[in-house]
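These notes are about the structure you will find just below.
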Amino acid sequence: MSRGDAIRLGLVGAGFMAKLHTFAFETAALRFPASCPPVRLTRVADLDEDLARSAAAELGWEAWTRDWQTVTRADDIDLVLVATSVASHVDVCVDAFAHGKHVLCEKPLARNSAEAGAAYDAAVAAGTLHATGFAMRHWPAVRLAERILAGGALGRLVKVRAHYLLDWAAPADLPISWRFRRASAGSGSLGDVGSHVLDVMRAFAGEIVSVYARLQTVRPTRPTPTVPGHERVDVDDAADLVLEFDGGVGGVMETSWAAPGHKTDIEFELIGDEGALRFSWARNDELQVAARRPHGSPVLEIRPVAPEDQDLREFAPAAGTALGLSELFVLQSRAVLSGLATGRWSGPDFLDGLRVCEAIDAALTSNEQGRCVPVLRTRG
Ligand SMILES: NC(=O)c1ccc[n+]([C@@H]2O[C@H](COP(=O)([O-])OP(=O)(O)OC[C@H]3O[C@@H](n4cnc5c(N)ncnc54)[C@H](O)[C@@H]3O)[C@@H](O)[C@H]2O)c1
């Protein structure tokens with residue numbers, strides 16, 4: 001694939017994420033033409049005809065359909081973006097790979113590791129690009145933290161702490177939807193937002209080898225949206241995990257979508273034996289770093305993510321001009337498009353998606369059995 005050829009996109013799922021992905025791929029192609037091929041918004045599919053039609057009319061997709069296989073099997077589509085509710089991820093991905101497509105699939109990759117393993121096997125057999133939508137990994141401060149850790153400034157990594165807390169699901173009158181059903185989502189806040197931070201923690205500390213988890217369902221029932229009544233919720237609203245990583249690194253992860261007052265509250269901290277660093281989404285263009293010094297103990301300093309750190313001049317002319325969620329997705333799209341142009345993909349892939357599903361499986365078992373559970377690696 002040469003840089004001049006347009007990448008023909010197919011989108012499956014025209015819900016909340018459709019706008020972000022459409023904006024992100026168009027913007028990446030426009031703002032980063034040296035590394036990204038142009039894109040065509042070829043076809044969008046959604047089971048909900050109104051959503052599919054309005055994605056075409058309002059977001060600029062050339063054609064719409066209710067039938068996702070019209071995307072996965074099409075000769076005029078190169079890259080399939082999978083942004084459906086989690087239950088259909090594996091079927092859509094496997095079919096897309098069987099028809100030679102590149103795939104970016106939203107997180108969590110699947111409801112469980114058995115499904116994620118099937119998607120990973122199909123990706124490997126196809127030999128095409130496979131990316132899991134762990135967008136945080138493309139965030140400049142996360143990449144800067146990786147470089148600081150790799151450069152040895154923190155010494156030996158001892159512990160990783162992270163949380164991802166939200167409050168949109170705190171209201172008791174919020175109606176039930178696919179996210180609150182294990183059959184359609186696999187888990188609750190743990191897979192929905194915990195998967196992002198578990199993946200980021202892995203990027204620093206290596207694979208998760210064991211998990212002790214305590215899950216809570218804050219709202220055990222929620223109103224049904226169309227008829228009067230309530231339905232039982234069988235997933236977590238909140239999860240606390242104690243983790244062990246390869247090499248004995250420790251970890252603590254908290255997640256919730258029902259924590260009043262928390263608005264996209266994402267933080268992580270790396271604690272080494274000679275220094276530490278901390279990231280907070282609230283100040284997402286800087287890191288707090290207490291790095292090793294030749295003499296004396298580490299001193300805390302603010303390390304801005306300057307544009308020159310990450311080739312961000314297209315967005316941020318100077319350090320301190322904050323980026324936001326849309327730019328995060330543009331950076332993810334830029335990575336995918338330049339990966340297609342070069343034939344190399346170093347971002348989070350389906351093995352990363354599978355590893356996180358394996359850790360979540362272990363967390364669910366741990367919560368059920370009240371004990372620490374080893375993470376079973378099913379592939380790789
Ligand atoms: N990366 C992030 O930060 C982020 C943020 C939000 C959601 N997500 C992920 O994106 C995915 C979608 O989430 P959302 O919030 O957009 O959900 P949503 O409910 O708003 O949209 C999902 C859409 O998929 C459609 N759909 C379901 N099965 C389908 C099928 N077989 N064929 C065609 N369409 C189908 C539904 O009709 C719905 O319109 C989920 O995996 C979610 O976890 C990621």
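Ligands are numbered from 1 in the order shown, chains are lettered A, B, ... in the order of the structure tokens, and residues start at 1 in each chain.
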
Show me which residues line ligand 1, defined as having an atom within 7 Å of a ligand atom where only C-alpha atoms and all ligand atoms count, and present them as an mmCIF file with all heavy atoms, in the first residue's frame.
```cif
data_model
loop_
_atom_site.group_PDB
_atom_site.id
_atom_site.type_symbol
_atom_site.label_atom_id
_atom_site.label_comp_id
_atom_site.auth_asym_id
_atom_site.auth_seq_id
_atom_site.Cartn_x
_atom_site.Cartn_y
_atom_site.Cartn_z
ATOM 1 N N VAL A 12 -18.350 -0.302 11.539
ATOM 2 C CA VAL A 12 -19.469 -1.112 12.042
ATOM 3 C C VAL A 12 -19.798 -0.608 13.440
ATOM 4 O O VAL A 12 -18.963 -0.694 14.346
ATOM 5 C CB VAL A 12 -19.120 -2.615 12.053
ATOM 6 C CG1 VAL A 12 -20.355 -3.421 12.485
ATOM 7 C CG2 VAL A 12 -18.645 -3.083 10.687
ATOM 8 N N GLY A 13 -21.005 -0.067 13.585
ATOM 9 C CA GLY A 13 -21.427 0.546 14.840
ATOM 10 C C GLY A 13 -21.461 2.057 14.675
ATOM 11 O O GLY A 13 -20.419 2.700 14.553
ATOM 12 N N ALA A 14 -22.663 2.600 14.632
ATOM 13 C CA ALA A 14 -22.816 4.043 14.393
ATOM 14 C C ALA A 14 -23.347 4.755 15.634
ATOM 15 O O ALA A 14 -24.058 5.738 15.535
ATOM 16 C CB ALA A 14 -23.759 4.270 13.205
ATOM 17 N N GLY A 15 -22.954 4.249 16.811
ATOM 18 C CA GLY A 15 -23.408 4.861 18.062
ATOM 19 C C GLY A 15 -22.471 5.971 18.507
ATOM 20 O O GLY A 15 -21.912 6.725 17.703
ATOM 21 N N PHE A 16 -22.251 6.042 19.819
ATOM 22 C CA PHE A 16 -21.456 7.110 20.443
ATOM 23 C C PHE A 16 -20.073 7.262 19.794
ATOM 24 O O PHE A 16 -19.605 8.364 19.526
ATOM 25 C CB PHE A 16 -21.327 6.783 21.939
ATOM 26 C CG PHE A 16 -20.394 7.670 22.686
ATOM 27 C CD1 PHE A 16 -20.772 8.953 23.046
ATOM 28 C CD2 PHE A 16 -19.128 7.226 23.053
ATOM 29 C CE1 PHE A 16 -19.900 9.777 23.749
ATOM 30 C CE2 PHE A 16 -18.257 8.036 23.754
ATOM 31 C CZ PHE A 16 -18.650 9.314 24.094
ATOM 32 N N MET A 17 -19.403 6.136 19.537
ATOM 33 C CA MET A 17 -18.015 6.213 19.070
ATOM 34 C C MET A 17 -17.880 6.583 17.594
ATOM 35 O O MET A 17 -16.776 6.899 17.130
ATOM 36 C CB MET A 17 -17.311 4.867 19.300
ATOM 37 C CG MET A 17 -17.066 4.551 20.753
ATOM 38 S SD MET A 17 -16.178 5.877 21.609
ATOM 39 C CE MET A 17 -14.564 5.724 20.884
ATOM 40 N N ALA A 18 -18.977 6.536 16.856
ATOM 41 C CA ALA A 18 -18.883 6.775 15.410
ATOM 42 C C ALA A 18 -18.362 8.171 15.107
ATOM 43 O O ALA A 18 -17.508 8.358 14.234
ATOM 44 C CB ALA A 18 -20.258 6.561 14.768
ATOM 45 N N ALA A 45 -22.196 0.701 8.921
ATOM 46 C CA ALA A 45 -23.279 -0.255 9.204
ATOM 47 C C ALA A 45 -23.738 -0.113 10.650
ATOM 48 O O ALA A 45 -22.916 0.074 11.549
ATOM 49 C CB ALA A 45 -22.785 -1.686 8.982
ATOM 50 N N ASP A 46 -25.028 -0.199 10.843
ATOM 51 C CA ASP A 46 -25.567 -0.321 12.206
ATOM 52 C C ASP A 46 -26.887 -1.077 12.119
ATOM 53 O O ASP A 46 -27.658 -0.884 11.165
ATOM 54 C CB ASP A 46 -25.783 1.049 12.867
ATOM 55 C CG ASP A 46 -25.879 0.936 14.391
ATOM 56 O OD1 ASP A 46 -26.858 0.340 14.898
ATOM 57 O OD2 ASP A 46 -24.951 1.407 15.067
ATOM 58 N N LEU A 47 -27.149 -1.916 13.114
ATOM 59 C CA LEU A 47 -28.425 -2.638 13.160
ATOM 60 C C LEU A 47 -29.583 -1.647 13.224
ATOM 61 O O LEU A 47 -30.680 -1.923 12.741
ATOM 62 C CB LEU A 47 -28.476 -3.541 14.400
ATOM 63 C CG LEU A 47 -27.478 -4.691 14.464
ATOM 64 C CD1 LEU A 47 -27.601 -5.420 15.796
ATOM 65 C CD2 LEU A 47 -27.682 -5.650 13.302
ATOM 66 N N ASP A 48 -29.322 -0.511 13.823
ATOM 67 C CA ASP A 48 -30.320 0.549 13.931
ATOM 68 C C ASP A 48 -30.252 1.407 12.658
ATOM 69 O O ASP A 48 -29.319 2.179 12.446
ATOM 70 C CB ASP A 48 -30.003 1.385 15.175
ATOM 71 C CG ASP A 48 -31.008 2.505 15.415
ATOM 72 O OD1 ASP A 48 -31.551 3.037 14.424
ATOM 73 O OD2 ASP A 48 -31.216 2.846 16.591
ATOM 74 N N LEU A 51 -29.714 5.201 12.928
ATOM 75 C CA LEU A 51 -28.336 5.599 13.252
ATOM 76 C C LEU A 51 -27.421 5.466 12.041
ATOM 77 O O LEU A 51 -26.589 6.335 11.778
ATOM 78 C CB LEU A 51 -27.790 4.722 14.384
ATOM 79 C CG LEU A 51 -28.121 5.124 15.802
ATOM 80 C CD1 LEU A 51 -27.524 4.120 16.782
ATOM 81 C CD2 LEU A 51 -27.574 6.518 16.102
ATOM 82 N N ARG A 66 -27.672 -1.824 7.093
ATOM 83 C CA ARG A 66 -27.969 -2.450 8.389
ATOM 84 C C ARG A 66 -27.135 -3.721 8.575
ATOM 85 O O ARG A 66 -27.075 -4.278 9.656
ATOM 86 C CB ARG A 66 -29.457 -2.821 8.468
ATOM 87 C CG ARG A 66 -30.384 -1.611 8.581
ATOM 88 C CD ARG A 66 -31.810 -2.068 8.867
ATOM 89 N NE ARG A 66 -31.910 -2.661 10.192
ATOM 90 C CZ ARG A 66 -32.351 -3.887 10.444
ATOM 91 N NH1 ARG A 66 -32.750 -4.681 9.466
ATOM 92 N NH2 ARG A 66 -32.411 -4.346 11.675
ATOM 93 N N ASP A 67 -26.522 -4.191 7.477
ATOM 94 C CA ASP A 67 -25.880 -5.505 7.454
ATOM 95 C C ASP A 67 -24.359 -5.358 7.560
ATOM 96 O O ASP A 67 -23.697 -4.938 6.615
ATOM 97 C CB ASP A 67 -26.283 -6.205 6.143
ATOM 98 C CG ASP A 67 -25.542 -7.502 5.941
ATOM 99 O OD1 ASP A 67 -24.909 -7.988 6.895
ATOM 100 O OD2 ASP A 67 -25.575 -8.019 4.809
ATOM 101 N N TRP A 68 -23.793 -5.716 8.725
ATOM 102 C CA TRP A 68 -22.350 -5.496 8.939
ATOM 103 C C TRP A 68 -21.483 -6.285 7.956
ATOM 104 O O TRP A 68 -20.355 -5.893 7.650
ATOM 105 C CB TRP A 68 -21.953 -5.780 10.383
ATOM 106 C CG TRP A 68 -22.247 -7.160 10.918
ATOM 107 C CD1 TRP A 68 -23.360 -7.551 11.591
ATOM 108 C CD2 TRP A 68 -21.408 -8.319 10.839
ATOM 109 N NE1 TRP A 68 -23.278 -8.880 11.941
ATOM 110 C CE2 TRP A 68 -22.088 -9.372 11.498
ATOM 111 C CE3 TRP A 68 -20.156 -8.573 10.299
ATOM 112 C CZ2 TRP A 68 -21.546 -10.658 11.611
ATOM 113 C CZ3 TRP A 68 -19.612 -9.853 10.415
ATOM 114 C CH2 TRP A 68 -20.308 -10.884 11.062
ATOM 115 N N ALA A 83 -16.929 -0.681 16.182
ATOM 116 C CA ALA A 83 -17.361 0.171 17.295
ATOM 117 C C ALA A 83 -18.780 -0.209 17.710
ATOM 118 O O ALA A 83 -19.621 0.642 17.980
ATOM 119 C CB ALA A 83 -17.289 1.642 16.888
ATOM 120 N N THR A 84 -19.028 -1.516 17.762
ATOM 121 C CA THR A 84 -20.321 -2.017 18.209
ATOM 122 C C THR A 84 -20.253 -2.319 19.703
ATOM 123 O O THR A 84 -19.168 -2.302 20.307
ATOM 124 C CB THR A 84 -20.660 -3.338 17.483
ATOM 125 O OG1 THR A 84 -19.588 -4.256 17.741
ATOM 126 C CG2 THR A 84 -20.803 -3.133 15.988
ATOM 127 N N SER A 85 -21.411 -2.649 20.284
ATOM 128 C CA SER A 85 -21.403 -3.170 21.647
ATOM 129 C C SER A 85 -20.561 -4.457 21.643
ATOM 130 O O SER A 85 -20.434 -5.137 20.619
ATOM 131 C CB SER A 85 -22.823 -3.408 22.123
ATOM 132 O OG SER A 85 -23.633 -3.850 21.049
ATOM 133 N N VAL A 86 -20.007 -4.803 22.814
ATOM 134 C CA VAL A 86 -18.901 -5.772 22.872
ATOM 135 C C VAL A 86 -19.285 -7.158 22.346
ATOM 136 O O VAL A 86 -18.454 -7.857 21.741
ATOM 137 C CB VAL A 86 -18.370 -5.867 24.318
ATOM 138 C CG1 VAL A 86 -17.218 -6.838 24.428
ATOM 139 C CG2 VAL A 86 -17.950 -4.492 24.821
ATOM 140 N N SER A 88 -20.736 -8.283 19.829
ATOM 141 C CA SER A 88 -20.558 -8.589 18.406
ATOM 142 C C SER A 88 -19.123 -8.396 17.926
ATOM 143 O O SER A 88 -18.816 -8.680 16.763
ATOM 144 C CB SER A 88 -21.524 -7.750 17.559
ATOM 145 O OG SER A 88 -21.463 -6.405 17.946
ATOM 146 N N GLU A 106 -12.631 -1.670 18.911
ATOM 147 C CA GLU A 106 -12.744 -0.992 20.194
ATOM 148 C C GLU A 106 -12.477 -1.957 21.349
ATOM 149 O O GLU A 106 -12.574 -3.168 21.208
ATOM 150 C CB GLU A 106 -14.146 -0.364 20.339
ATOM 151 C CG GLU A 106 -14.209 1.075 19.886
ATOM 152 C CD GLU A 106 -13.210 1.962 20.631
ATOM 153 O OE1 GLU A 106 -12.709 1.557 21.687
ATOM 154 O OE2 GLU A 106 -12.911 3.049 20.125
ATOM 155 N N LYS A 107 -12.167 -1.365 22.494
ATOM 156 C CA LYS A 107 -11.971 -2.140 23.718
ATOM 157 C C LYS A 107 -13.284 -2.309 24.447
ATOM 158 O O LYS A 107 -14.183 -1.502 24.178
ATOM 159 C CB LYS A 107 -10.922 -1.480 24.616
ATOM 160 C CG LYS A 107 -11.043 0.045 24.812
ATOM 161 C CD LYS A 107 -12.355 0.690 25.112
ATOM 162 C CE LYS A 107 -13.121 0.249 26.314
ATOM 163 N NZ LYS A 107 -14.399 1.042 26.493
ATOM 164 N N PRO A 108 -13.443 -3.262 25.343
ATOM 165 C CA PRO A 108 -12.563 -4.405 25.454
ATOM 166 C C PRO A 108 -12.686 -5.254 24.187
ATOM 167 O O PRO A 108 -13.749 -5.246 23.541
ATOM 168 C CB PRO A 108 -13.105 -5.153 26.677
ATOM 169 C CG PRO A 108 -14.546 -4.775 26.739
ATOM 170 C CD PRO A 108 -14.629 -3.376 26.230
ATOM 171 N N GLY A 133 -8.420 -0.768 20.407
ATOM 172 C CA GLY A 133 -8.591 0.664 20.644
ATOM 173 C C GLY A 133 -8.218 1.115 22.044
ATOM 174 O O GLY A 133 -9.003 1.836 22.690
ATOM 175 N N PHE A 134 -7.040 0.722 22.504
ATOM 176 C CA PHE A 134 -6.531 1.245 23.780
ATOM 177 C C PHE A 134 -5.889 2.600 23.489
ATOM 178 O O PHE A 134 -4.652 2.745 23.461
ATOM 179 C CB PHE A 134 -5.518 0.270 24.389
ATOM 180 C CG PHE A 134 -6.129 -0.999 24.916
ATOM 181 C CD1 PHE A 134 -5.589 -2.234 24.585
ATOM 182 C CD2 PHE A 134 -7.239 -0.966 25.763
ATOM 183 C CE1 PHE A 134 -6.144 -3.402 25.089
ATOM 184 C CE2 PHE A 134 -7.805 -2.132 26.263
ATOM 185 C CZ PHE A 134 -7.247 -3.358 25.926
ATOM 186 N N ALA A 135 -6.751 3.599 23.284
ATOM 187 C CA ALA A 135 -6.283 4.895 22.795
ATOM 188 C C ALA A 135 -5.273 5.552 23.727
ATOM 189 O O ALA A 135 -4.360 6.251 23.276
ATOM 190 C CB ALA A 135 -7.494 5.804 22.578
ATOM 191 N N ASP A 192 -15.187 -1.969 30.659
ATOM 192 C CA ASP A 192 -15.490 -0.751 29.906
ATOM 193 C C ASP A 192 -14.382 0.291 30.057
ATOM 194 O O ASP A 192 -13.879 0.802 29.058
ATOM 195 C CB ASP A 192 -16.822 -0.169 30.390
ATOM 196 C CG ASP A 192 -17.382 0.853 29.422
ATOM 197 O OD1 ASP A 192 -17.506 0.532 28.221
ATOM 198 O OD2 ASP A 192 -17.680 1.992 29.850
#
```

(message) Which residues are near A:Gly320? Cut-off 12 Å, only C-alpha atoms, ignore same chain within fewer than 6 positions. Put them as a PyMOL selection string.
(response) chain A and resi 283-287+302-307+312

Generate a file of the selected residues that holds C-alpha atoms, formatted as a PDB file, in the first residue's frame.
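That gives us again-v2.pdb:
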```pdb
ATOM      1  CA  ARG A 283      -3.372  17.929  33.855  1.00  0.00           C
ATOM      2  CA  ASN A 284      -2.821  15.670  30.923  1.00  0.00           C
ATOM      3  CA  ASP A 285      -0.013  17.552  29.185  1.00  0.00           C
ATOM      4  CA  GLU A 286       2.463  17.110  32.009  1.00  0.00           C
ATOM      5  CA  LEU A 287       3.926  14.521  34.339  1.00  0.00           C
ATOM      6  CA  ILE A 302       6.673  19.145  36.696  1.00  0.00           C
ATOM      7  CA  ARG A 303       7.722  17.823  33.313  1.00  0.00           C
ATOM      8  CA  PRO A 304       5.586  19.360  30.513  1.00  0.00           C
ATOM      9  CA  VAL A 305       4.956  17.310  27.402  1.00  0.00           C
ATOM     10  CA  ALA A 306       6.462  19.779  24.961  1.00  0.00           C
ATOM     11  CA  PRO A 307       5.472  19.647  21.266  1.00  0.00           C
ATOM     12  CA  LEU A 312       2.715  17.472  18.069  1.00  0.00           C
TER      13      LEU A 312
END
```

(message) When you look at A:Glu58 with a cut-off of 12 Å (counting only C-alpha atoms), what residues show up, excluding the ones that are within fewer than 2 positions of it in the same chain? I need them as a PyMOL selection string.
(response) chain A and resi 14+18-19+22-23+44+50-56+60-64

Could you save the residues just selected, with N, CA and C atoms, as a PDB file, in the first residue's frame?
```pdb
ATOM      1  N   ALA A  14     -22.663   2.600  14.632  1.00  0.00           N
ATOM      2  CA  ALA A  14     -22.816   4.043  14.393  1.00  0.00           C
ATOM      3  C   ALA A  14     -23.347   4.755  15.634  1.00  0.00           C
ATOM      4  N   ALA A  18     -18.977   6.536  16.856  1.00  0.00           N
ATOM      5  CA  ALA A  18     -18.883   6.775  15.410  1.00  0.00           C
ATOM      6  C   ALA A  18     -18.362   8.171  15.107  1.00  0.00           C
ATOM      7  N   LYS A  19     -18.863   9.153  15.844  1.00  0.00           N
ATOM      8  CA  LYS A  19     -18.430  10.545  15.605  1.00  0.00           C
ATOM      9  C   LYS A  19     -16.943  10.699  15.856  1.00  0.00           C
ATOM     10  N   THR A  22     -14.824   8.918  13.137  1.00  0.00           N
ATOM     11  CA  THR A  22     -14.914   9.595  11.842  1.00  0.00           C
ATOM     12  C   THR A  22     -14.064  10.859  11.856  1.00  0.00           C
ATOM     13  N   PHE A  23     -14.250  11.677  12.894  1.00  0.00           N
ATOM     14  CA  PHE A  23     -13.469  12.904  13.029  1.00  0.00           C
ATOM     15  C   PHE A  23     -11.977  12.578  13.069  1.00  0.00           C
ATOM     16  N   VAL A  44     -20.857   2.661   6.292  1.00  0.00           N
ATOM     17  CA  VAL A  44     -21.118   2.511   7.726  1.00  0.00           C
ATOM     18  C   VAL A  44     -22.297   1.558   7.905  1.00  0.00           C
ATOM     19  N   ASP A  50     -31.862   3.993  11.616  1.00  0.00           N
ATOM     20  CA  ASP A  50     -31.821   5.455  11.764  1.00  0.00           C
ATOM     21  C   ASP A  50     -30.403   5.942  12.053  1.00  0.00           C
ATOM     22  N   LEU A  51     -29.714   5.201  12.928  1.00  0.00           N
ATOM     23  CA  LEU A  51     -28.336   5.599  13.252  1.00  0.00           C
ATOM     24  C   LEU A  51     -27.421   5.466  12.041  1.00  0.00           C
ATOM     25  N   ALA A  52     -27.577   4.370  11.302  1.00  0.00           N
ATOM     26  CA  ALA A  52     -26.724   4.164  10.110  1.00  0.00           C
ATOM     27  C   ALA A  52     -26.981   5.272   9.097  1.00  0.00           C
ATOM     28  N   ARG A  53     -28.242   5.572   8.898  1.00  0.00           N
ATOM     29  CA  ARG A  53     -28.591   6.599   7.901  1.00  0.00           C
ATOM     30  C   ARG A  53     -28.066   7.970   8.338  1.00  0.00           C
ATOM     31  N   SER A  54     -28.225   8.281   9.626  1.00  0.00           N
ATOM     32  CA  SER A  54     -27.784   9.609  10.047  1.00  0.00           C
ATOM     33  C   SER A  54     -26.259   9.701  10.084  1.00  0.00           C
ATOM     34  N   ALA A  55     -25.565   8.583  10.317  1.00  0.00           N
ATOM     35  CA  ALA A  55     -24.091   8.624  10.231  1.00  0.00           C
ATOM     36  C   ALA A  55     -23.677   8.988   8.814  1.00  0.00           C
ATOM     37  N   ALA A  56     -24.397   8.442   7.830  1.00  0.00           N
ATOM     38  CA  ALA A  56     -24.073   8.777   6.437  1.00  0.00           C
ATOM     39  C   ALA A  56     -24.400  10.253   6.176  1.00  0.00           C
ATOM     40  N   GLY A  60     -20.845  12.056   6.855  1.00  0.00           N
ATOM     41  CA  GLY A  60     -20.216  12.039   5.537  1.00  0.00           C
ATOM     42  C   GLY A  60     -19.862  10.668   4.993  1.00  0.00           C
ATOM     43  N   TRP A  61     -20.394   9.601   5.593  1.00  0.00           N
ATOM     44  CA  TRP A  61     -20.135   8.267   5.032  1.00  0.00           C
ATOM     45  C   TRP A  61     -20.872   8.141   3.694  1.00  0.00           C
ATOM     46  N   GLU A  62     -20.192   7.544   2.703  1.00  0.00           N
ATOM     47  CA  GLU A  62     -20.757   7.524   1.342  1.00  0.00           C
ATOM     48  C   GLU A  62     -21.981   6.623   1.238  1.00  0.00           C
ATOM     49  N   ALA A  63     -22.011   5.539   2.030  1.00  0.00           N
ATOM     50  CA  ALA A  63     -23.144   4.613   1.966  1.00  0.00           C
ATOM     51  C   ALA A  63     -23.412   4.069   3.354  1.00  0.00           C
ATOM     52  N   TRP A  64     -24.622   3.618   3.596  1.00  0.00           N
ATOM     53  CA  TRP A  64     -24.971   3.020   4.886  1.00  0.00           C
ATOM     54  C   TRP A  64     -25.718   1.718   4.667  1.00  0.00           C
TER      55      TRP A  64
END
```

So that I can see what lies close to A:Ala116, please list as a PDB file with C-alpha atoms, in the first residue's frame the residues with an atom at most 12 Å from it, counting only C-alpha atoms and leaving out residues fewer than 4 positions away in the same chain.
```
ATOM      1  CA  VAL A  86     -18.901  -5.772  22.872  1.00  0.00           C
ATOM      2  CA  ALA A  87     -20.934  -8.937  22.169  1.00  0.00           C
ATOM      3  CA  SER A  88     -20.558  -8.589  18.406  1.00  0.00           C
ATOM      4  CA  HIS A  89     -16.840  -7.674  18.333  1.00  0.00           C
ATOM      5  CA  VAL A  90     -15.586 -11.215  17.796  1.00  0.00           C
ATOM      6  CA  ASP A  91     -17.966 -12.100  14.936  1.00  0.00           C
ATOM      7  CA  VAL A  92     -17.311  -8.854  13.091  1.00  0.00           C
ATOM      8  CA  CYS A  93     -13.530  -9.088  13.554  1.00  0.00           C
ATOM      9  CA  VAL A  94     -13.263 -12.753  12.547  1.00  0.00           C
ATOM     10  CA  CYS A 105     -11.530  -2.930  17.201  1.00  0.00           C
ATOM     11  CA  GLU A 106     -12.744  -0.992  20.194  1.00  0.00           C
ATOM     12  CA  LYS A 107     -11.971  -2.140  23.718  1.00  0.00           C
ATOM     13  CA  PRO A 108     -12.563  -4.405  25.454  1.00  0.00           C
ATOM     14  CA  LEU A 109     -11.631  -6.682  22.556  1.00  0.00           C
ATOM     15  CA  ALA A 110     -14.299  -9.200  23.604  1.00  0.00           C
ATOM     16  CA  ARG A 111     -16.549 -10.353  26.434  1.00  0.00           C
ATOM     17  CA  ASN A 112     -13.965 -12.904  27.597  1.00  0.00           C
ATOM     18  CA  TYR A 120      -6.516 -12.972  17.810  1.00  0.00           C
ATOM     19  CA  ASP A 121      -6.186 -16.290  15.928  1.00  0.00           C
ATOM     20  CA  ALA A 122      -8.140 -14.857  12.970  1.00  0.00           C
ATOM     21  CA  ALA A 123      -5.904 -11.765  12.966  1.00  0.00           C
ATOM     22  CA  THR A 132      -7.181  -2.757  19.782  1.00  0.00           C
ATOM     23  CA  GLY A 186     -18.778  -9.497  29.604  1.00  0.00           C
ATOM     24  CA  ASP A 349      -2.780  -5.061  18.978  1.00  0.00           C
ATOM     25  CA  PHE A 350      -5.119  -8.023  19.424  1.00  0.00           C
ATOM     26  CA  LEU A 351      -2.605  -9.797  21.677  1.00  0.00           C
ATOM     27  CA  ASP A 352      -2.793  -6.785  24.004  1.00  0.00           C
ATOM     28  CA  GLY A 353      -6.593  -6.969  23.767  1.00  0.00           C
ATOM     29  CA  LEU A 354      -6.459 -10.677  24.600  1.00  0.00           C
ATOM     30  CA  ARG A 355      -4.062 -10.197  27.553  1.00  0.00           C
ATOM     31  CA  VAL A 356      -6.430  -7.671  29.127  1.00  0.00           C
ATOM     32  CA  CYS A 357      -9.396 -10.034  28.631  1.00  0.00           C
ATOM     33  CA  GLU A 358      -7.387 -12.809  30.321  1.00  0.00           C
ATOM     34  CA  ALA A 359      -6.748 -10.523  33.301  1.00  0.00           C
ATOM     35  CA  ILE A 360     -10.433  -9.574  33.479  1.00  0.00           C
ATOM     36  CA  ASP A 361     -11.445 -13.261  33.366  1.00  0.00           C
ATOM     37  CA  ARG A 377      -2.339 -17.012  29.192  1.00  0.00           C
ATOM     38  CA  THR A 378      -4.294 -18.739  26.465  1.00  0.00           C
ATOM     39  CA  ARG A 379      -2.044 -17.749  23.487  1.00  0.00           C
TER      40      ARG A 379
END
```

Near stretch 145-160 of chain A, 10 Å: stretch 238-342 of chain A residue rows, closest pairs, only C-alpha atoms, as CSV:
```
residue,atom,partner,partner_atom,distance
A:Leu243,CA,A:Val160,CA,9.1
A:Glu244,CA,A:Lys159,CA,9.1
A:Phe245,CA,A:Lys159,CA,9.1
A:Gly247,CA,A:Val158,CA,9.4
A:Gly248,CA,A:Val158,CA,7.8
A:Val249,CA,A:Val158,CA,5.0
A:Gly250,CA,A:Lys159,CA,4.5
A:Gly251,CA,A:Val160,CA,4.7
A:Val252,CA,A:Val160,CA,6.6
A:Met253,CA,A:Val160,CA,8.4
A:Phe268,CA,A:Val160,CA,7.1
A:Glu269,CA,A:Val160,CA,5.7
A:Leu270,CA,A:Val160,CA,4.8
A:Ile271,CA,A:Lys159,CA,5.1
A:Gly272,CA,A:Leu157,CA,4.1
A:Asp273,CA,A:Arg156,CA,5.4
A:Glu274,CA,A:Gly155,CA,4.8
A:Gly275,CA,A:Leu154,CA,4.0
A:Ala276,CA,A:Leu154,CA,5.6
A:Leu277,CA,A:Ala145,CA,7.6
A:Arg278,CA,A:Ala145,CA,8.7
A:Phe279,CA,A:Ala145,CA,8.5
A:Glu286,CA,A:Ala145,CA,9.8
A:Leu287,CA,A:Ala145,CA,7.6
A:Gln288,CA,A:Ala145,CA,9.9
A:Val289,CA,A:Leu154,CA,8.8
A:Ala290,CA,A:Leu154,CA,7.8
A:Ala291,CA,A:Ala153,CA,5.3
A:Arg292,CA,A:Ala153,CA,5.3
A:Arg293,CA,A:Ala153,CA,8.4
A:Pro298,CA,A:Leu154,CA,9.3
A:Val305,CA,A:Ala145,CA,9.9
```

(message) What parts of stretch 174-223 of chain A does DSSP call helix (DSSP H, G or I)? I'd like the answer as a count of residues only.
(response) 24

(message) Report as a PyMOL selection string all protein, DNA and RNA residues lying within 12 Å of A:Pro37, evaluated on only C-alpha atoms, omitting residues in the same chain fewer than 6 positions from it.
(response) chain A and resi 1-9+25-31+333-342

(request) Can you work out which one of A:Val227, A:Val124, A:Leu20, A:Val233 has the shortest atom-to-atom distance to A:Ala169, counting only C-alpha atoms? (result) A:Val233

(message) What parts of stretch 17-222 of chain A does DSSP call strand (DSSP E or B)? I'd like the answer as JSON, numbers by chain.
(response) {"A": [39, 40, 41, 42, 43, 44, 45, 63, 64, 65, 79, 80, 81, 82, 102, 103, 104, 105, 130, 131, 132, 157, 158, 159, 160, 161, 162, 163, 164, 165, 208, 209, 210, 211, 212, 213, 214, 215, 216, 221, 222]}

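We find atom CA of A:Asn367 and atom CA of A:Asp240 to be spaced 9.8 Å apart.
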
(request) Could you jot down the atom CA of A:Cys372 to atom CA of A:Trp257 separation for me, Å, one decimal place? (result)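 These atoms are spaced 23.9 Å apart.
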
(request) For A:His163, work out the shell of residues within 6 Å, counting only C-alpha atoms and skipping chain neighbours fewer than 2 positions away, then give it as a PyMOL selection string. (result) chain A and resi 253-255+266-267
